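*Asks:* Handing over protein_36.cif, mmCIF, C-alpha atoms.
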```
data_run
loop_
_atom_site.label_atom_id
_atom_site.label_comp_id
_atom_site.auth_asym_id
_atom_site.auth_seq_id
_atom_site.Cartn_x
_atom_site.Cartn_y
_atom_site.Cartn_z
CA MET A 10 -157.01 25.20 -193.02
CA GLU A 11 -153.65 26.96 -192.65
CA MET A 12 -154.38 29.12 -195.70
CA ILE A 13 -157.53 30.67 -194.20
CA THR A 14 -156.62 34.30 -193.53
CA ASN A 15 -159.93 35.86 -192.44
CA VAL A 16 -163.12 34.68 -190.78
CA SER A 17 -165.34 35.16 -193.85
CA GLU A 18 -163.47 32.42 -195.70
CA TYR A 19 -164.93 29.84 -193.32
CA GLU A 20 -168.43 30.53 -194.61
CA VAL A 21 -167.42 29.72 -198.20
CA ILE A 22 -166.04 26.34 -197.13
CA ALA A 23 -168.95 25.66 -194.76
CA LYS A 24 -171.41 26.17 -197.61
CA GLU A 25 -169.68 23.38 -199.53
CA LYS A 26 -169.64 21.01 -196.56
CA LEU A 27 -173.00 21.49 -194.89
CA PRO A 28 -176.34 20.11 -196.08
CA LYS A 29 -178.31 22.87 -197.82
CA MET A 30 -181.02 22.98 -195.16
CA VAL A 31 -178.43 23.42 -192.40
CA TYR A 32 -176.34 26.04 -194.22
CA ASP A 33 -179.43 28.04 -195.19
CA TYR A 34 -180.68 27.95 -191.60
CA TYR A 35 -177.46 29.54 -190.35
CA ALA A 36 -176.78 31.90 -193.25
CA SER A 37 -180.16 33.29 -194.31
CA GLY A 38 -182.14 36.28 -193.10
CA ALA A 39 -185.76 37.41 -193.21
CA GLU A 40 -187.72 38.14 -196.39
CA ASP A 41 -185.66 40.23 -198.88
CA GLN A 42 -182.58 39.93 -196.64
CA TRP A 43 -181.86 43.66 -196.98
CA THR A 44 -180.91 43.95 -193.33
CA LEU A 45 -178.74 40.84 -193.60
CA LYS A 46 -176.61 42.56 -196.24
CA GLU A 47 -176.78 45.91 -194.46
CA ASN A 48 -175.40 44.42 -191.25
CA ARG A 49 -172.12 44.02 -193.15
CA ASN A 50 -172.29 46.92 -195.59
CA ALA A 51 -172.88 49.55 -192.92
CA PHE A 52 -169.43 48.94 -191.43
CA SER A 53 -167.85 50.02 -194.72
CA ARG A 54 -169.41 53.47 -194.33
CA ILE A 55 -167.43 54.14 -191.17
CA LEU A 56 -163.86 55.29 -191.77
CA PHE A 57 -160.89 55.70 -189.45
CA ARG A 58 -159.16 58.85 -188.22
CA PRO A 59 -155.89 57.33 -187.00
CA ARG A 60 -153.45 59.16 -184.75
CA ILE A 61 -149.72 58.82 -185.36
CA LEU A 62 -146.42 58.99 -183.49
CA ILE A 63 -147.81 57.29 -180.39
CA ASP A 64 -145.87 54.58 -178.58
CA VAL A 65 -147.91 51.43 -179.31
CA SER A 66 -145.26 48.89 -178.36
CA LYS A 67 -147.65 47.53 -175.76
CA ILE A 68 -151.37 46.99 -176.47
CA ASN A 69 -153.82 46.03 -173.72
CA MET A 70 -157.20 44.65 -174.79
CA MET A 71 -158.37 43.48 -171.36
CA THR A 72 -161.74 44.75 -170.21
CA THR A 73 -164.27 44.27 -167.42
CA ILE A 74 -167.90 43.48 -168.18
CA LEU A 75 -170.51 43.12 -165.44
CA GLY A 76 -167.67 42.78 -162.97
CA PHE A 77 -165.85 40.02 -164.85
CA ARG A 78 -162.39 40.49 -166.33
CA ILE A 79 -162.02 39.17 -169.88
CA SER A 80 -159.12 39.12 -172.31
CA MET A 81 -160.76 41.05 -175.15
CA PRO A 82 -164.12 42.70 -175.91
CA ILE A 83 -165.13 39.93 -178.35
CA MET A 84 -167.65 37.38 -177.09
CA VAL A 85 -169.49 34.42 -178.55
CA ALA A 86 -173.17 35.03 -179.30
CA PRO A 87 -175.90 32.48 -178.60
CA THR A 88 -176.62 30.33 -181.64
CA ALA A 89 -179.27 27.64 -181.55
CA MET A 90 -178.71 24.06 -182.64
CA GLN A 91 -174.94 24.21 -183.16
CA LYS A 92 -174.65 20.45 -183.35
CA MET A 93 -176.13 20.60 -186.83
CA ALA A 94 -172.87 22.29 -187.78
CA HIS A 95 -170.51 19.80 -186.20
CA PRO A 96 -170.86 16.45 -184.42
CA GLU A 97 -167.83 16.67 -182.12
CA GLY A 98 -168.59 16.23 -178.43
CA THR A 99 -166.99 17.70 -175.31
CA TYR A 100 -164.84 14.70 -174.67
CA GLY A 101 -162.82 15.10 -177.80
CA CYS A 102 -164.09 12.96 -180.66
CA SER A 103 -161.88 13.50 -183.65
CA TRP A 104 -163.38 15.70 -186.37
CA LYS A 105 -160.95 14.35 -188.96
CA ARG A 106 -161.83 10.77 -188.13
CA HIS A 107 -165.49 11.43 -188.83
CA TYR A 108 -165.07 13.85 -191.71
CA ASN A 109 -166.20 11.43 -194.41
CA LEU A 110 -169.34 10.63 -192.45
CA TYR A 111 -170.33 14.30 -192.50
CA ARG A 112 -169.93 15.05 -196.20
CA LYS A 113 -173.09 16.13 -198.01
CA GLU A 114 -173.57 12.82 -199.74
CA ASN A 115 -173.53 11.01 -196.39
CA VAL A 116 -176.07 13.16 -194.56
CA GLN A 117 -178.39 10.19 -194.16
CA GLN A 118 -175.76 8.52 -191.96
CA LEU A 119 -175.56 11.35 -189.45
CA GLY A 120 -177.68 9.44 -186.98
CA GLN A 121 -174.61 7.32 -186.28
CA LEU A 122 -172.97 10.35 -184.73
CA GLN A 123 -175.52 10.71 -181.95
CA MET A 124 -173.55 8.53 -179.58
CA LEU A 125 -170.61 10.91 -179.97
CA GLU A 126 -172.57 13.94 -178.81
CA GLN A 127 -171.87 14.03 -175.11
CA SER A 128 -172.42 17.70 -174.30
CA TRP A 129 -171.16 20.60 -176.30
CA PHE A 130 -171.58 24.22 -177.07
CA ALA A 131 -168.24 24.40 -178.83
CA SER A 132 -167.56 28.07 -178.50
CA LEU A 133 -168.11 27.98 -174.75
CA ARG A 134 -165.55 25.30 -174.26
CA LEU A 135 -163.11 27.07 -176.50
CA THR A 136 -163.34 30.56 -175.09
CA VAL A 137 -162.82 29.33 -171.56
CA ASN A 138 -159.97 27.10 -172.65
CA SER A 139 -157.97 29.46 -174.83
CA VAL A 140 -158.85 33.15 -174.76
CA ARG A 141 -160.81 33.22 -171.50
CA ASN A 142 -163.72 35.08 -172.97
CA ARG A 143 -167.43 35.18 -172.37
CA SER A 144 -170.05 33.19 -174.26
CA THR A 145 -173.80 32.79 -174.32
CA LEU A 146 -175.83 29.58 -174.41
CA SER A 147 -179.14 29.56 -176.27
CA THR A 148 -182.34 28.15 -174.81
CA TYR A 149 -182.51 26.16 -178.07
CA ALA A 150 -179.00 24.73 -177.87
CA ASN A 151 -178.57 20.99 -178.37
CA SER A 152 -176.82 20.80 -175.00
CA SER A 153 -178.44 21.52 -171.66
CA VAL A 154 -177.22 24.15 -169.21
CA GLU A 155 -175.92 21.38 -166.96
CA GLU A 156 -174.02 19.69 -169.80
CA VAL A 157 -172.34 22.93 -170.81
CA ALA A 158 -171.51 23.78 -167.20
CA SER A 159 -169.85 20.37 -166.76
CA THR A 160 -167.33 20.93 -169.57
CA ARG A 161 -165.07 23.51 -167.92
CA SER A 162 -165.31 26.48 -165.62
CA GLY A 163 -165.81 29.85 -167.26
CA ILE A 164 -167.97 32.91 -167.71
CA ARG A 165 -171.26 32.06 -169.44
CA PHE A 166 -174.55 33.82 -170.11
CA PHE A 167 -177.86 32.09 -170.75
CA GLN A 168 -180.02 33.40 -173.60
CA LEU A 169 -183.66 33.07 -172.62
CA TYR A 170 -186.71 32.69 -174.84
CA VAL A 171 -189.82 33.14 -172.70
CA HIS A 172 -192.29 30.31 -173.21
CA LYS A 173 -196.01 30.45 -172.46
CA ASP A 174 -195.46 28.15 -169.50
CA ARG A 175 -193.89 30.47 -166.96
CA ASN A 176 -193.12 27.59 -164.59
CA LEU A 177 -190.91 26.16 -167.33
CA VAL A 178 -189.21 29.56 -167.75
CA ALA A 179 -188.57 29.79 -164.02
CA GLN A 180 -187.11 26.27 -164.02
CA LEU A 181 -184.76 27.11 -166.91
CA VAL A 182 -183.55 30.30 -165.22
CA ARG A 183 -182.95 28.57 -161.90
CA ARG A 184 -181.16 25.70 -163.60
CA ALA A 185 -178.89 28.19 -165.36
CA GLU A 186 -178.20 29.96 -162.09
CA ARG A 187 -177.39 26.70 -160.29
CA ALA A 188 -175.12 25.66 -163.17
CA GLY A 189 -172.99 28.76 -162.68
CA PHE A 190 -174.21 31.00 -165.51
CA LYS A 191 -173.50 34.65 -164.74
CA ALA A 192 -176.31 36.54 -166.51
CA ILE A 193 -179.60 36.08 -168.37
CA ALA A 194 -179.85 37.52 -171.88
CA LEU A 195 -183.57 38.01 -172.48
CA THR A 196 -184.54 37.67 -176.13
CA ALA A 197 -186.97 40.56 -176.55
CA ASP A 198 -187.40 40.77 -180.33
CA THR A 199 -189.14 37.46 -181.04
CA PRO A 200 -192.83 37.47 -180.11
CA ARG A 201 -193.16 35.64 -183.42
CA LEU A 202 -190.52 34.19 -185.69
CA GLY A 203 -189.56 36.32 -188.70
CA ARG A 204 -190.39 35.07 -192.20
CA ARG A 205 -187.26 33.15 -193.13
CA GLU A 206 -188.02 32.08 -196.65
CA ALA A 207 -185.05 29.75 -196.98
CA ASP A 208 -186.36 27.72 -194.04
CA ILE A 209 -189.82 27.67 -195.61
CA LYS A 210 -188.48 26.40 -198.94
CA ASN A 211 -186.35 23.78 -197.21
CA ARG A 212 -189.17 22.84 -194.80
CA PHE A 213 -186.66 23.18 -192.01
CA ASN A 214 -186.81 20.59 -189.24
CA LEU A 215 -184.42 19.46 -186.53
CA PRO A 216 -182.58 16.34 -187.70
CA PRO A 217 -183.82 13.24 -185.84
CA TYR A 218 -180.45 12.57 -184.19
CA LEU A 219 -180.60 15.92 -182.33
CA THR A 220 -182.74 17.18 -179.48
CA LEU A 221 -183.21 20.43 -177.57
CA ASN A 222 -181.65 19.12 -174.39
CA ASN A 223 -182.87 21.92 -172.14
CA PHE A 224 -186.37 20.54 -172.65
CA GLU A 225 -185.55 16.85 -172.41
CA GLY A 226 -188.29 14.93 -170.62
CA LEU A 227 -190.86 17.70 -171.12
CA ASP A 228 -193.85 17.39 -173.43
CA LEU A 229 -193.14 20.43 -175.61
CA GLY A 230 -193.43 18.85 -179.02
CA LYS A 231 -190.69 18.65 -181.63
CA ILE A 232 -189.32 20.73 -184.47
CA ASP A 233 -190.72 18.37 -187.07
CA LYS A 234 -191.01 18.61 -190.83
CA THR A 235 -194.08 20.57 -191.95
CA ASP A 236 -195.35 22.21 -195.13
CA ASP A 237 -193.72 25.40 -193.81
CA SER A 238 -190.77 25.93 -191.48
CA GLY A 239 -190.89 23.45 -188.62
CA LEU A 240 -189.08 25.96 -186.41
CA ALA A 241 -191.65 28.68 -187.12
CA SER A 242 -194.49 26.29 -186.26
CA TYR A 243 -192.76 25.21 -183.06
CA ALA A 244 -192.08 28.81 -181.97
CA ALA A 245 -195.68 29.83 -182.67
CA ASN A 246 -196.89 27.12 -180.31
CA GLN A 247 -194.36 27.74 -177.54
CA ILE A 248 -193.18 31.37 -177.41
CA ASP A 249 -195.18 33.81 -175.29
CA GLN A 250 -196.38 36.64 -177.54
CA SER A 251 -197.59 38.61 -174.52
CA LEU A 252 -194.04 39.24 -173.29
CA SER A 253 -193.69 42.85 -172.09
CA TRP A 254 -191.53 45.14 -169.97
CA LYS A 255 -193.21 43.95 -166.80
CA ASP A 256 -191.67 40.54 -167.46
CA VAL A 257 -188.18 42.03 -167.16
CA LYS A 258 -189.15 42.96 -163.63
CA TRP A 259 -190.73 39.52 -163.08
CA LEU A 260 -187.45 37.84 -164.04
CA GLN A 261 -185.70 39.84 -161.35
CA THR A 262 -188.03 38.28 -158.76
CA ILE A 263 -186.97 34.74 -159.66
CA THR A 264 -183.22 35.21 -160.07
CA SER A 265 -180.40 37.27 -158.67
CA LEU A 266 -178.56 37.14 -162.00
CA PRO A 267 -178.27 40.39 -163.97
CA ILE A 268 -180.69 40.66 -166.90
CA LEU A 269 -179.49 41.83 -170.31
CA VAL A 270 -182.17 42.83 -172.82
CA LYS A 271 -181.29 41.54 -176.29
CA GLY A 272 -182.90 43.04 -179.38
CA VAL A 273 -182.87 46.77 -178.59
CA LEU A 274 -182.57 49.11 -181.61
CA THR A 275 -184.04 52.44 -180.40
CA ALA A 276 -183.47 55.11 -177.77
CA GLU A 277 -187.04 54.70 -176.55
CA ASP A 278 -186.59 51.01 -175.74
CA THR A 279 -183.20 51.69 -174.22
CA LYS A 280 -184.76 54.01 -171.66
CA LEU A 281 -187.56 51.52 -170.94
CA ALA A 282 -185.05 48.72 -170.47
CA ILE A 283 -183.11 50.75 -167.92
CA GLU A 284 -186.31 51.73 -166.12
CA ALA A 285 -187.25 48.05 -165.95
CA GLY A 286 -183.97 47.25 -164.23
CA ALA A 287 -181.90 45.81 -167.08
CA ALA A 288 -178.22 45.47 -166.23
CA GLY A 289 -177.14 45.75 -169.85
CA ILE A 290 -178.39 46.08 -173.41
CA ILE A 291 -177.53 44.08 -176.51
CA VAL A 292 -178.10 45.98 -179.74
CA SER A 293 -179.28 43.22 -182.05
CA ASN A 294 -181.60 42.62 -184.99
CA HIS A 295 -181.43 38.86 -184.42
CA GLY A 296 -178.92 38.37 -187.20
CA ALA A 297 -181.37 40.04 -189.60
CA ARG A 298 -183.68 37.07 -189.16
CA GLN A 299 -186.70 38.86 -187.68
CA LEU A 300 -187.98 42.14 -189.17
CA ASP A 301 -186.37 43.02 -192.49
CA TYR A 302 -185.51 46.68 -193.26
CA VAL A 303 -184.52 47.53 -189.72
CA PRO A 304 -181.16 49.32 -189.43
CA ALA A 305 -177.89 47.45 -189.27
CA THR A 306 -176.86 47.02 -185.67
CA ILE A 307 -173.83 49.29 -186.12
CA MET A 308 -176.20 52.00 -187.42
CA ALA A 309 -178.46 51.70 -184.37
CA LEU A 310 -175.62 51.46 -181.85
CA GLU A 311 -174.86 55.12 -181.28
CA GLU A 312 -178.51 56.05 -180.69
CA VAL A 313 -178.75 53.35 -178.02
CA VAL A 314 -175.45 54.32 -176.41
CA LYS A 315 -176.50 57.97 -176.14
CA ALA A 316 -179.84 57.00 -174.61
CA ALA A 317 -178.15 54.70 -172.09
CA GLN A 318 -176.08 57.66 -170.81
CA GLY A 319 -173.50 55.32 -169.32
CA LYS A 320 -176.00 53.81 -166.88
CA VAL A 321 -175.58 50.28 -168.27
CA PRO A 322 -173.14 48.67 -170.71
CA VAL A 323 -174.24 48.40 -174.34
CA PHE A 324 -173.10 45.54 -176.56
CA LEU A 325 -173.27 45.05 -180.32
CA ASP A 326 -174.43 41.79 -181.89
CA GLY A 327 -174.51 41.50 -185.67
CA GLY A 328 -172.32 41.84 -188.74
CA VAL A 329 -168.88 41.68 -187.13
CA ARG A 330 -166.37 39.92 -189.38
CA ARG A 331 -163.17 41.89 -188.83
CA GLY A 332 -161.15 43.34 -185.99
CA THR A 333 -161.72 46.69 -187.69
CA ASP A 334 -165.47 46.15 -187.15
CA VAL A 335 -164.85 45.61 -183.44
CA PHE A 336 -162.83 48.84 -183.22
CA LYS A 337 -165.61 50.79 -184.96
CA ALA A 338 -168.21 49.43 -182.55
CA LEU A 339 -166.05 50.36 -179.56
CA ALA A 340 -165.48 53.85 -180.99
CA LEU A 341 -169.25 54.31 -181.24
CA GLY A 342 -169.66 53.41 -177.58
CA ALA A 343 -170.07 49.64 -177.37
CA SER A 344 -168.61 47.89 -174.34
CA GLY A 345 -168.02 44.78 -176.44
CA VAL A 346 -169.31 42.78 -179.38
CA PHE A 347 -170.81 39.34 -179.90
CA ILE A 348 -170.09 37.13 -182.90
CA GLY A 349 -172.39 34.34 -184.05
CA ARG A 350 -172.21 33.13 -187.63
CA PRO A 351 -168.39 33.23 -187.86
CA VAL A 352 -168.22 30.81 -184.93
CA VAL A 353 -170.79 28.44 -186.42
CA PHE A 354 -169.14 28.34 -189.84
CA ALA A 355 -165.67 27.82 -188.35
CA LEU A 356 -167.15 25.06 -186.21
CA ALA A 357 -168.60 23.38 -189.30
CA VAL A 358 -165.31 23.54 -191.16
CA ASP A 359 -162.74 22.63 -188.53
CA GLY A 360 -164.42 22.01 -185.18
CA GLU A 361 -162.88 23.51 -182.08
CA ALA A 362 -159.68 24.38 -183.96
CA GLY A 363 -161.73 26.50 -186.36
CA VAL A 364 -163.46 28.40 -183.57
CA ARG A 365 -160.14 28.92 -181.86
CA LYS A 366 -158.66 30.35 -185.06
CA VAL A 367 -161.61 32.69 -185.66
CA LEU A 368 -161.27 34.22 -182.22
CA GLN A 369 -157.51 34.47 -182.55
CA MET A 370 -157.79 36.19 -185.95
CA LEU A 371 -160.27 38.73 -184.59
CA HIS A 372 -158.03 39.29 -181.58
CA ASP A 373 -155.00 39.90 -183.77
CA GLU A 374 -156.90 42.15 -186.19
CA LEU A 375 -158.25 44.29 -183.35
CA GLU A 376 -154.79 44.57 -181.82
CA LEU A 377 -153.35 45.68 -185.16
CA THR A 378 -156.15 48.19 -185.73
CA MET A 379 -155.54 49.68 -182.30
CA ALA A 380 -151.82 49.99 -182.97
CA LEU A 381 -152.33 51.62 -186.37
CA SER A 382 -154.90 54.00 -184.88
CA GLY A 383 -152.65 55.02 -181.99
CA CYS A 384 -154.64 53.34 -179.21
CA ARG A 385 -152.80 51.44 -176.48
CA SER A 386 -155.90 50.37 -174.52
CA LEU A 387 -159.63 50.11 -175.08
CA LYS A 388 -160.15 53.28 -173.04
CA GLU A 389 -158.15 55.23 -175.60
CA ILE A 390 -160.57 54.31 -178.42
CA THR A 391 -162.88 57.31 -178.82
CA ARG A 392 -165.50 58.70 -181.20
CA ASN A 393 -162.78 60.93 -182.66
CA HIS A 394 -161.11 57.85 -184.12
CA VAL A 395 -163.92 57.27 -186.65
CA VAL A 396 -166.04 59.26 -189.05
CA ALA A 397 -169.36 57.95 -190.35
CA ASP A 398 -171.40 58.97 -193.36
CA TRP A 399 -174.21 60.11 -191.06
CA ASP A 400 -171.97 62.54 -189.19
CA HIS A 401 -172.56 66.27 -189.53
CA PRO A 402 -169.62 68.29 -190.87
CA ARG A 403 -166.91 67.79 -188.28
CA VAL A 404 -165.65 70.49 -185.99
CA LEU A 405 -161.99 69.70 -185.46
CA PRO A 406 -161.30 68.73 -181.84
CA ARG A 407 -159.25 71.28 -179.92
CA LEU A 408 -155.71 70.10 -179.25
#
```
Just give me the structure of the file as structure tokens.
*Replies:*
Amino acid sequence: MEMITNVSEYEVIAKEKLPKMVYDYYASGAEDQWTLKENRNAFSRILFRPRILIDVSKINMMTTILGFRISMPIMVAPTAMQKMAHPEGTYGCSWKRHYNLYRKENVQQLGQLQMLEQSWFASLRLTVNSVRNRSTLSTYANSSVEEVASTRSGIRFFQLYVHKDRNLVAQLVRRAERAGFKAIALTADTPRLGRREADIKNRFNLPPYLTLNNFEGLDLGKIDKTDDSGLASYAANQIDQSLSWKDVKWLQTITSLPILVKGVLTAEDTKLAIEAGAAGIIVSNHGARQLDYVPATIMALEEVVKAAQGKVPVFLDGGVRRGTDVFKALALGASGVFIGRPVVFALAVDGEAGVRKVLQMLHDELELTMALSGCRSLKEITRNHVVADWDHPRVLPRL
């Protein structure tokens, strides 16, 4: 793995290693997958305006988010069912030792790995352990909030899907709060699951050796094999399609944790989120897995930032593969970015070491971009450092 030089290379290797159903689940988007491609392509339409002859011998990437100090503005996004990508558990089972068991031709043997799965959301463990960053646990993770909290201390968010049973939702939120999670990220863009045709073709189902541990002991059904996508069928039965802005306020009555609204793409919803008491906004199109032909997250970011008017922090989730992407998001007003797929693919290829390397590469790339742009701290990154194809003819800033 020493020859991997950028995070995108992990996906190529992961595609070779993972079972097709698992890789397609992580990699695919909704319908024509236009937004999936656009999430990446849109970054290439933003160019730099670097400043020169500035002393950049010292670069500081530290930042504060919701009162917590973190080492860089790059955080790990919530990704469901990460144990499909890698069987390693918190207590250090060796990936290399079990490599042969996890090759494509040995998928049927994966059940043997269940005993190794103690409790793990790999990126959480890593970010606390090495770069002291922030990460987010999905409701649909294969590890419970208590299992993740037991691994190591650190700054963690809990991504919440609101189920029809509000007592269950309240229990999940309170469990997350007791376990030391620092914020709730409310998934607001999934009243129904998007049409993910790869999952339909593969008849996606959760492998029998895995469970959704946050729901262990509850009669909520299983993500079983169906004639369609098992996940879509499960979500249709469980997710509350009546979720509305009043529920953001309801959440504030059952927890003292700050609520981030995840899935905002417009100025209108930004204003409603702030009115409802949201402590932050995550610009996200759900990894292009919900409604196809919505804008790339980087395209929607500036509209949301302007509407927020500095009242709450705005984060970007989607399409980030380079430190240059992070810089562009910060220049357009983001307080930080979340990365999802790069973490999962690195996890599949090289376990914790892969995730560690992905975060380190993004850290180093962002640091280099800042130096070459003449920025010594995150505060020095401004809108004047980038030009986008949607900009009006520029008026040169006054010196």
*Asks:* What is the distance, in Å and to one decimal place, between CA of Ala317 in chain A and CA of Pro59 in chain A?
*Replies:*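 Between these atoms lies a distance of 26.9 Å.
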*Asks:* Using Å and a single decimal, report how far CA of Phe336 in chain A sits from CA of Glu374 in chain A.
*Replies:*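 Distance reported for this atom pair: 9.4 Å.
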*Asks:* Go ahead and compute the interatomic distance for CA of Pro322 in chain A and CA of Ala192 in chain A, in Å to one decimal.
*Replies:*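 Taking CA of Pro322 in chain A and CA of Ala192 in chain A, their separation equals 13.2 Å.
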*Asks:* Quick one: of A:Ala362, A:Met12, A:Leu371, A:Ala397, who's nearest to Glu311 in chain A, counting all atoms listed in the file?
*Replies:*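 Under the stated criterion, the closest residue is A:Ala397.
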*Asks:* Tell me which of A:Ile22, A:Cys384, A:Ala305, A:Val346 sits closest to Leu274 in chain A, counting only C-alpha atoms.
*Replies:*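 Checking each of A:Ile22, A:Cys384, A:Ala305, A:Val346 against Leu274 in chain A, counting only C-alpha atoms, the winner is A:Ala305.
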*Asks:* Which residues are near Leu56 in chain A? Cut-off 8 Å, only C-alpha atoms, ignore same chain within fewer than 3 positions. Put them as a list of chain:residue names.
*Replies:*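 The contact residues come out as A:Ser53, A:Val395, A:Val396, A:Ala397.
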*Asks:* When distances are computed from all atoms listed in the file, which of A:Leu300, A:Val273, A:Leu195, A:Ile307 shows the smallest separation from Lys258 in chain A?
*Replies:*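 Of all the options, A:Leu195 lies closest to Lys258 in chain A.
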*Asks:* Given the file shown, determine the residues that the PyMOL selection byres ((chain A and resi 277-282) around 12) selects; report them as an NGL selection string.
*Replies:* :A and (195 or 197-198 or 253-258 or 268-276 or 283-292 or 309-323)
*Asks:* Let me make sure I understand: among A:Met10, A:Leu75, A:Pro351, A:Arg58, which one has the smallest atom-to-atom distance to Thr391 in chain A if we use all atoms listed in the file?
*Replies:*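 Of the candidates, the smallest distance to Thr391 in chain A is held by A:Arg58.
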*Asks:* Could you write out as a ChimeraX atom specification the residues that the PyMOL selection byres ((chain A and resi 173) around 10) matches in the shown file?
*Replies:* /A:170-172,174-178,246-252
*Asks:* Considering all atoms listed in the file, can you say which of A:Ala36, A:Leu62, A:Leu377, A:Ser80 comes closest to Ala23 in chain A?
*Replies:*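 Result for the nearest residue to Ala23 in chain A: A:Ala36.
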